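Below is one structure; the comments refer to it alone.
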Amino acid sequence: MSKFAAFFMCLIELVYTFFSGGSANLSGRSEVLDAYKNMDEITATKYIGKVSDYVWNANDEFNINDTVTVKKEKGKDFVVLSISDVHFADYEAKKVAESMHEISTIKHLVRTVKPDLILLLGDIVCKSSTVHSIRRITDLFESFGVPWAPIFGNHDDEGNCDLNYLADVMMSGKHCLMQKGDPSMGVGNYIVNVAEDNGDGTEKIVESFIFMDSHKGTVYDNQIEWYRWAANGINACTNGEAEISLVEHIPLPEYQYAIDSLEVNSKTGVIKGDGAYGEVHEEIACHRTYPEREVVQHGVFDAVKATDTKYVFCGHDHLNNFSVMYDGVRLTYNTKCGNNSGMRFTQNGGTVIALDGEGIKSITQKSHVLSVWFNYYKVNTKK
């Protein structure tokens with residue numbers, strides 16, 4: 001990197017830090033200067049986090065008290081804001097500049113939606129250095145004072161921070177709900193429940209979001225067994241009353257099977273079919289070919305069906321924003337956030353999931369063109 005490029009990026013950071021008062025950035029102006037002064041040393045360093053000491057066994061008894069629970073006010077909708085694929089990076093002039101727009105987009109969404117919970121669906125950071133960008137995005141989400149639950153995508157560990165380090169930084173925030181889980185399954189297999197207060201000292205779990213680290217497209221056999229164990233445990237603890245949602249970064253192959261069975265307008269990308277909403281503008285990236293092997297999430301949907309899971313949410317594909325019913329399960333893409341790594345002009349924002357006392361009541365793809373915000377489409381799931 002040339003000295004001019006480094007100076008230019010430093011200037012971008014400093015200007016934004018000045019106007020943001022130091023929030024949603026590093027920690028302030030002096031740290032921006034230090035980051036660029038020590039750039040060569042930082043980019044050459046590998047940042048390694050702590051490996052979880054949790055070991056899961058299929059014979060373990062499921063205990064709902066070992067999971068994370070967020071409280072829902074009785075009689076009031078609980079609002080979840082889901083954001084994906086922000087792709088923050090250090091020392092990348094284009095991405096540093098674009099991140100300013102993404103931060104503005106996220107802040108506007110939070111102000112408008114007023115969420116009770118925020119999901120961050122992977123590809124949080126990318127490129128060769130991520131040690132500052134993970135702090136930047138952690139500071140941003142902590143600034144909202146709202147519980148937030150992240151998972152990792154296929155780009156997060158390509159930089160100089162491993163997943164455990166990235167998780168350590170995010171988990172240092174008092175509002176971050178992430179748990180690492182069993183390291184043999186990756187980093188970030190955990191459960192977040194939404195429980196409604198009954199007003200008599202008891203509570204009812206209305207929704208359980210089960211987060212799975214889908215790595216670069218593969219899910220391990222023991223991960224699938226863990227999912228079955230977790231979902232069946234939730235069903236047993238709640239007498240089957242809690243609705244269950246799977247949250248991953250990479251879509252399941254069933255997203256492609258669903259599209260293959262529907263009519264898609266070749267010009268607009270709009271899909272038609274019973275319970276189908278939204279658009280498809282790129283091939284479903286449920287698998288990728290690597291030098292070692294082809295990786296596909298086989299078997300996950302069987303576990304979803306066997307445990308009566310009602311919803312699957314994912315990110316990863318930047319140009320798709322559809323929600324479809326497939327074999328009794330609603331499969332939904334998250335609307336891509338920001339310009340980093342590409343997006344469609346009309347598909348820039350997030351996904352809003354509204355819950356009532358019985359579970360998910362609606363899913364809204366919220367987007368904007370320039371500064372004009374609109375609901376791209378809304379799925380009323382209770383109809």
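Identifiers in the structure tokens: chain A, B, ... in order shown; residue index from 1 per chain; ligand index from 1 in order shown.
Shell of stretch 105-113 of chain A at 10 Å, with only C-alpha atoms counted and residues fewer than 5 places along the chain excluded, is Val79, Val80, Leu81, Ser82, Ile83, Val86, Ser99, Met100, Ile118, Leu140, Phe141, Ser143, Phe144, Val146, Cys337, Gly338, Asn348, Gly349, Gly350, Thr351, Val352, Lys366, Ser367, His368, Ser371 and Trp373 of chain A.
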Could you write out that same residue set with C-alpha atoms as a PDB file, in the first residue's frame?
ATOM      1  CA  VAL A  79     -39.371  -6.324  17.053  1.00  0.00           C
ATOM      2  CA  VAL A  80     -36.253  -8.003  15.675  1.00  0.00           C
ATOM      3  CA  LEU A  81     -33.991  -6.143  13.243  1.00  0.00           C
ATOM      4  CA  SER A  82     -31.790  -8.434  11.161  1.00  0.00           C
ATOM      5  CA  ILE A  83     -28.711  -7.066   9.361  1.00  0.00           C
ATOM      6  CA  VAL A  86     -21.728  -5.429   6.087  1.00  0.00           C
ATOM      7  CA  SER A  99     -18.636   1.643   5.727  1.00  0.00           C
ATOM      8  CA  MET A 100     -19.665   5.226   6.498  1.00  0.00           C
ATOM      9  CA  ILE A 118     -30.739  -7.107  16.614  1.00  0.00           C
ATOM     10  CA  LEU A 140     -21.573   0.618  16.758  1.00  0.00           C
ATOM     11  CA  PHE A 141     -23.971  -2.079  17.969  1.00  0.00           C
ATOM     12  CA  SER A 143     -24.014   2.182  21.150  1.00  0.00           C
ATOM     13  CA  PHE A 144     -27.664   1.264  20.550  1.00  0.00           C
ATOM     14  CA  VAL A 146     -30.099  -3.131  22.470  1.00  0.00           C
ATOM     15  CA  CYS A 337     -26.932  -3.880   4.101  1.00  0.00           C
ATOM     16  CA  GLY A 338     -24.807  -1.293   2.337  1.00  0.00           C
ATOM     17  CA  ASN A 348     -30.137  -1.897   0.649  1.00  0.00           C
ATOM     18  CA  GLY A 349     -31.345  -2.102   4.228  1.00  0.00           C
ATOM     19  CA  GLY A 350     -32.403  -4.872   6.585  1.00  0.00           C
ATOM     20  CA  THR A 351     -35.100  -7.330   7.542  1.00  0.00           C
ATOM     21  CA  VAL A 352     -37.668  -6.673  10.285  1.00  0.00           C
ATOM     22  CA  LYS A 366     -36.983  -2.698   4.555  1.00  0.00           C
ATOM     23  CA  SER A 367     -34.907  -0.884   1.953  1.00  0.00           C
ATOM     24  CA  HIS A 368     -34.102   2.545   0.591  1.00  0.00           C
ATOM     25  CA  SER A 371     -32.664   8.602   1.301  1.00  0.00           C
ATOM     26  CA  TRP A 373     -37.095   4.419   2.770  1.00  0.00           C
TER      27      TRP A 373
END
Considering only C-alpha atoms, tabulate each residue of stretch 67-169 of chain A that lies at most 10 Å from stretch 356-359 of chain A along with its nearest interatomic pair and the corresponding distance in Å to one decimal; arrange the rows by chain and ascending residue number and present them as a Markdown table.
| residue | atom | partner | partner_atom | distance |
| --- | --- | --- | --- | --- |
| A:Lys72 | CA | A:Gly357 | CA | 8.7 |
| A:Glu73 | CA | A:Gly357 | CA | 9.2 |
| A:Lys74 | CA | A:Gly357 | CA | 7.2 |
| A:Gly75 | CA | A:Gly357 | CA | 7.1 |
| A:Lys76 | CA | A:Asp356 | CA | 6.9 |
| A:Asp77 | CA | A:Asp356 | CA | 4.9 |
| A:Phe78 | CA | A:Asp356 | CA | 6.4 |
| A:Val79 | CA | A:Asp356 | CA | 9.0 |
Store the residues of this selection in a file with N, CA and C atoms, as an mmCIF file, in the first residue's frame.
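Okay, this is what ended up in out.cif:
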data_model
loop_
_atom_site.group_PDB
_atom_site.id
_atom_site.type_symbol
_atom_site.label_atom_id
_atom_site.label_comp_id
_atom_site.auth_asym_id
_atom_site.auth_seq_id
_atom_site.Cartn_x
_atom_site.Cartn_y
_atom_site.Cartn_z
ATOM 1 N N LYS A 72 -39.930 -10.253 26.505
ATOM 2 C CA LYS A 72 -40.931 -9.579 25.673
ATOM 3 C C LYS A 72 -42.052 -9.072 26.572
ATOM 4 N N GLU A 73 -42.482 -7.851 26.344
ATOM 5 C CA GLU A 73 -43.592 -7.292 27.107
ATOM 6 C C GLU A 73 -44.908 -7.889 26.631
ATOM 7 N N LYS A 74 -45.731 -8.340 27.562
ATOM 8 C CA LYS A 74 -46.999 -8.974 27.214
ATOM 9 C C LYS A 74 -47.932 -7.980 26.524
ATOM 10 N N GLY A 75 -48.559 -8.435 25.446
ATOM 11 C CA GLY A 75 -49.499 -7.597 24.724
ATOM 12 C C GLY A 75 -48.870 -6.608 23.768
ATOM 13 N N LYS A 76 -47.553 -6.638 23.649
ATOM 14 C CA LYS A 76 -46.846 -5.709 22.768
ATOM 15 C C LYS A 76 -45.960 -6.503 21.817
ATOM 16 N N ASP A 77 -45.939 -6.091 20.543
ATOM 17 C CA ASP A 77 -45.082 -6.766 19.570
ATOM 18 C C ASP A 77 -43.613 -6.645 19.976
ATOM 19 N N PHE A 78 -42.870 -7.706 19.736
ATOM 20 C CA PHE A 78 -41.426 -7.732 19.947
ATOM 21 C C PHE A 78 -40.789 -7.615 18.571
ATOM 22 N N VAL A 79 -39.912 -6.631 18.380
ATOM 23 C CA VAL A 79 -39.371 -6.324 17.053
ATOM 24 C C VAL A 79 -37.904 -6.745 16.959
#
For the alpha helix (DSSP H) assignment from backbone DSSP, which residues of stretch 21-218 of chain A qualify? Please present them as a ChimeraX atom specification. /A:29-37,39-43,93-113,131-142,163-171
Residue nearest A:Leu166 - candidates A:Pro147, A:Gly49, A:Gly233, A:Pro253, atoms counted: only C-alpha atoms: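 When distances to A:Leu166 are compared using only C-alpha atoms, the smallest one comes from A:Gly49.
Between A:Tyr54 and the candidates A:Asp156, A:Leu119, A:Glu98, A:Tyr190, the tightest atom-to-atom separation, counting only C-alpha atoms, involves A:Tyr190.
Of the listed residues (A:Gly159, A:Gly153, A:His215, A:Ala58), A:Gly159 comes nearest to A:Thr43; the distances count only C-alpha atoms.
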